[in-house]
Each structure stands twice: as C-alpha cells, then as structure tokens.
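This report concerns only the one structure given below.
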Amino acid sequence: MVEIAAIAVLLLVCFALLLVLLSQRQAKEHATTHAWKLGHAHAQAQAKTAVAQQAQRLHAYEQLLRGHQGGVGKQLADAREVAELIRSRAPGLLKETDGLARLLHGHDDFVAHLLDIYIAAEQDANGAQARAAARWPAGIYADVFEAAGVPAPGAAVGKYFAITLEAGIVVIRSNGLQGCVGKINLARRDLERFFNDLAAKPRGLADDRAAGVASRGLYLVDIPDDARLGQLTIEVASPSSGRIHLGNPERAQEVLHELRSLKRAALKLLEDEAKGTTRKGAAPRARILRRDALLGHVPDDGLCPACEGDVTMRLKLGDKPTACPLCGTPWSD
C-alpha cells in the first residue's frame, strides 16, 4: 500500500509539474502573440507615417518644380538667357572672371537634370515645363565657352588643339600656338574622310582655287600673294565647315601629328554621346519646337539630314527655320 501511495503521489507531482509547464508555455505564447500584435500595430503606424511623409515630400518637390518662380523649365530657360546676355554684351567678363563659364554651365546642367527627372516621372503631363525650357536652347553654352577661351566640359585638350562635341557635331579648335589657327565643324559622315585626308600627301591649293572646286583635304598654300604661303592648311566641305591653318612650317609635322591623333578622341566623344540622354531627347524637343514653327521646318527626329547634328540644341521656341542652324543646308517639308 505504501508503494502504491508513493507512486500515486509521484504521479500527482508529475501531473502538477506538467500543468505548471503547460501554463507557463501558454502564458509565454500569449505574451509573444501580444507583443507581436503590438509590434505589428506599431510598425503599421510607422509605415503609414512614413508613407504620408513621403507623399508630402513628393508633393512639395512637385510643387517646387512645377510652380515655384515659373517652374524648373522657366528657370532653365532664364539661366540660358542670362548666359547668352553675358556672352553677347559683356564677353570680357567671361575672360576676366576665372570659372564663370563653367559656373554658368554647371548651374544649367543641374537644373536640366531636375527637368529630366520631372519629365521621366511623368509629372509634366501637359508638357508645360518642357515647353518653357524650349524658350532658350542649350547650345548657347558652346558660344559661352568659346567667348571665355576655355574648353567645354568633356573636351579632349592637347598642345595645339581641343576637340569636343557640340550638338552632335565634332568641333576641332586650334589654340593659336605657333600660328596654328582656325576651327572645323565636322559632320559625322565626314569623320572618316577627314582623318584619311590628313594622312595623304598635301595638294597645291592654287590648282583647286583656279578650278573653282570646293576645297577639301590637306593643302600646301602655294598662292604667291597669300600671307600663308608655304604653310599647310586643312579644309572641309559641306555639310562640314571651316579650316585650320597649321602655322609655322617648321612645326607643321608636329601639329599635323597631333591633329591626326584626334581621331580616337572623336570616336570616344561619339561613344559617350550614345550612352547619354541628350541626343535621345532630340525627337521630344523637336515635337515641341514644331508646334510653333508653322512657317518653318524642324526635322521629326530633331536631327539634320545633312550633318546629322541635333538642331534642337540651336533652336528656340518660336523659331521658323528653313535651313539647318548647324551646317546651313536648306530644308523643306
């Protein structure tokens, strides 16, 4: 009997312990569930607050870009107009004030990126900001940098030349060293021929001038009354334009060697352009310009059929062009 009683007591103790353990487990599970519910509710509240704050920020940004001081498009056009006014009325200021041209362009680049983001987010539904920006073309900065006498951002600069891409046109400028002067605007289709001409033997300039043919290629100036008699010169024909005189005959081969080496830089500029968004945006800009060019013509894709340059970089709202502003080739619908 004693053994049975002991076993019964032991069973009761075990049962009691089991009840205690079950009770503790249930209490723990209840506490965990309660804590999870509280945490979940708190997280939901935080998420709702964050979403509301984000919506407020986005609304504030949208209002700023769309409405403040006329919006981002108007600010962009105003900045370009100021840059053009400085270039046309106070060009000396650009030369005298170190970094002014880059400061103006940097501001333009920043605001232009804001406009791109605004448009990409489909916030400019009626095109108001894109239209406002079209009031002044971005291409004026090429003139600003030229007036300042400094290379544009992205230009490859050597001892005698700087090469850059302006509105899709390859531009080679001499810096005046050793009498090397001039500028060439090189259409894409002429790129290969231009550098092939540099590798050829110079021809006499007098023969082509006497024949009345368009000068294209590397020449030796052999016209007796020409001030550059004995110098080398490189000329291009439409749709490209311009010429470069290589200056001092004693340094001509050194200058010519650098000019030939610019082919790689030209190709790199075109590769970089293809990766960017500026040329891809030519067609949308052209659509905006076409609405006001009722008596003129703007190519559908914004690119000149002759020189393949981006004409939207040189046209502003209200222009009625009948020829390419880059190469001068006449247009017709």
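If you're wondering about the labels, chains in the structure tokens are A, B, ... by order shown, residues count from 1 in each chain, ligands from 1 in order shown.
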
Can you check which residues of range 67-218 of chain A DSSP gives as helix (DSSP H, G or I) on the backbone and send them as a ChimeraX atom specification? /A:67-70,72-89,91-96,100-120,128-133,140-148,177-179,188-199,205-211

Write out as an MDAnalysis selection string which residues come within 9 Å of Asp78 in chain A when counting only C-alpha atoms, dropping same-chain ones fewer than 5 positions away. chainID A and resid 73 83 133 135:136

Would you write out those residues with C-alpha atoms, as a PDB file, in the first residue's frame?
ATOM      1  CA  GLY A  73      11.558  74.759 -67.215  1.00  0.00           C
ATOM      2  CA  ALA A  83      24.447  83.233 -70.062  1.00  0.00           C
ATOM      3  CA  ALA A 133      12.643  75.212 -71.255  1.00  0.00           C
ATOM      4  CA  ARG A 135      12.317  79.124 -74.872  1.00  0.00           C
ATOM      5  CA  TRP A 136      16.124  79.172 -74.967  1.00  0.00           C
TER       6      TRP A 136
END

Which residues are close to range 294-309 of chain A, i.e. within 10 Å by only C-alpha atoms, leaving aside same-chain residues fewer than 5 positions away? Reply as a PyMOL selection string. chain A and resi 165-170+185-190+238-240+279-289+314-315+318-333

Find the residues around Ala155 in chain A up to 10 Å (only C-alpha atoms counted), leave out those fewer than 3 positions away in its own chain, and share them as a ChimeraX atom specification. /A:150-152,158,162-166,171-172,265-266,269

Between A:Leu317, A:Ala43, A:Ala120, A:Ile223, single out the one closest to Ala210 in chain A, counting only C-alpha atoms.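 For Ala210 in chain A, the nearest of the given residues is A:Ile223.
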
Between A:Lys275, A:Arg193, A:Arg102, A:Arg25, single out the one closest to Lys263 in chain A, counting only C-alpha atoms.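 Of the candidates, the smallest distance to Lys263 in chain A is held by A:Arg193.
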
Given only C-alpha atoms as the basis, pick out the residue of A:Ala211, A:Leu177, A:Leu198, A:Leu205 nearest to Gly247 in chain A.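 Of A:Ala211, A:Leu177, A:Leu198, A:Leu205, the one nearest Gly247 in chain A is A:Leu177, counting only C-alpha atoms.
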
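Taking CA of Gln123 in chain A as the reference point, CA of Glu81 in chain A is found at 24.9 Å.
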
DSSP strand (DSSP E) selection over range 137-259 of chain A, as a PyMOL selection string: chain A and resi 156-157+161-166+169-174+181-186+203-204+217-220+232-235+241-245

For a quick check of understanding, using only C-alpha atoms, which of A:Thr233, A:Thr312, A:Ser23, A:Thr49 has the smallest distance to Arg290 in chain A?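 Among the listed residues, A:Thr312 lies closest to Arg290 in chain A.
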
What is the distance, in Å and to one decimal place, between CA of Ala130 in chain A and CA of Asp116 in chain A?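 Separation between CA of Ala130 in chain A and CA of Asp116 in chain A: 9.0 Å.
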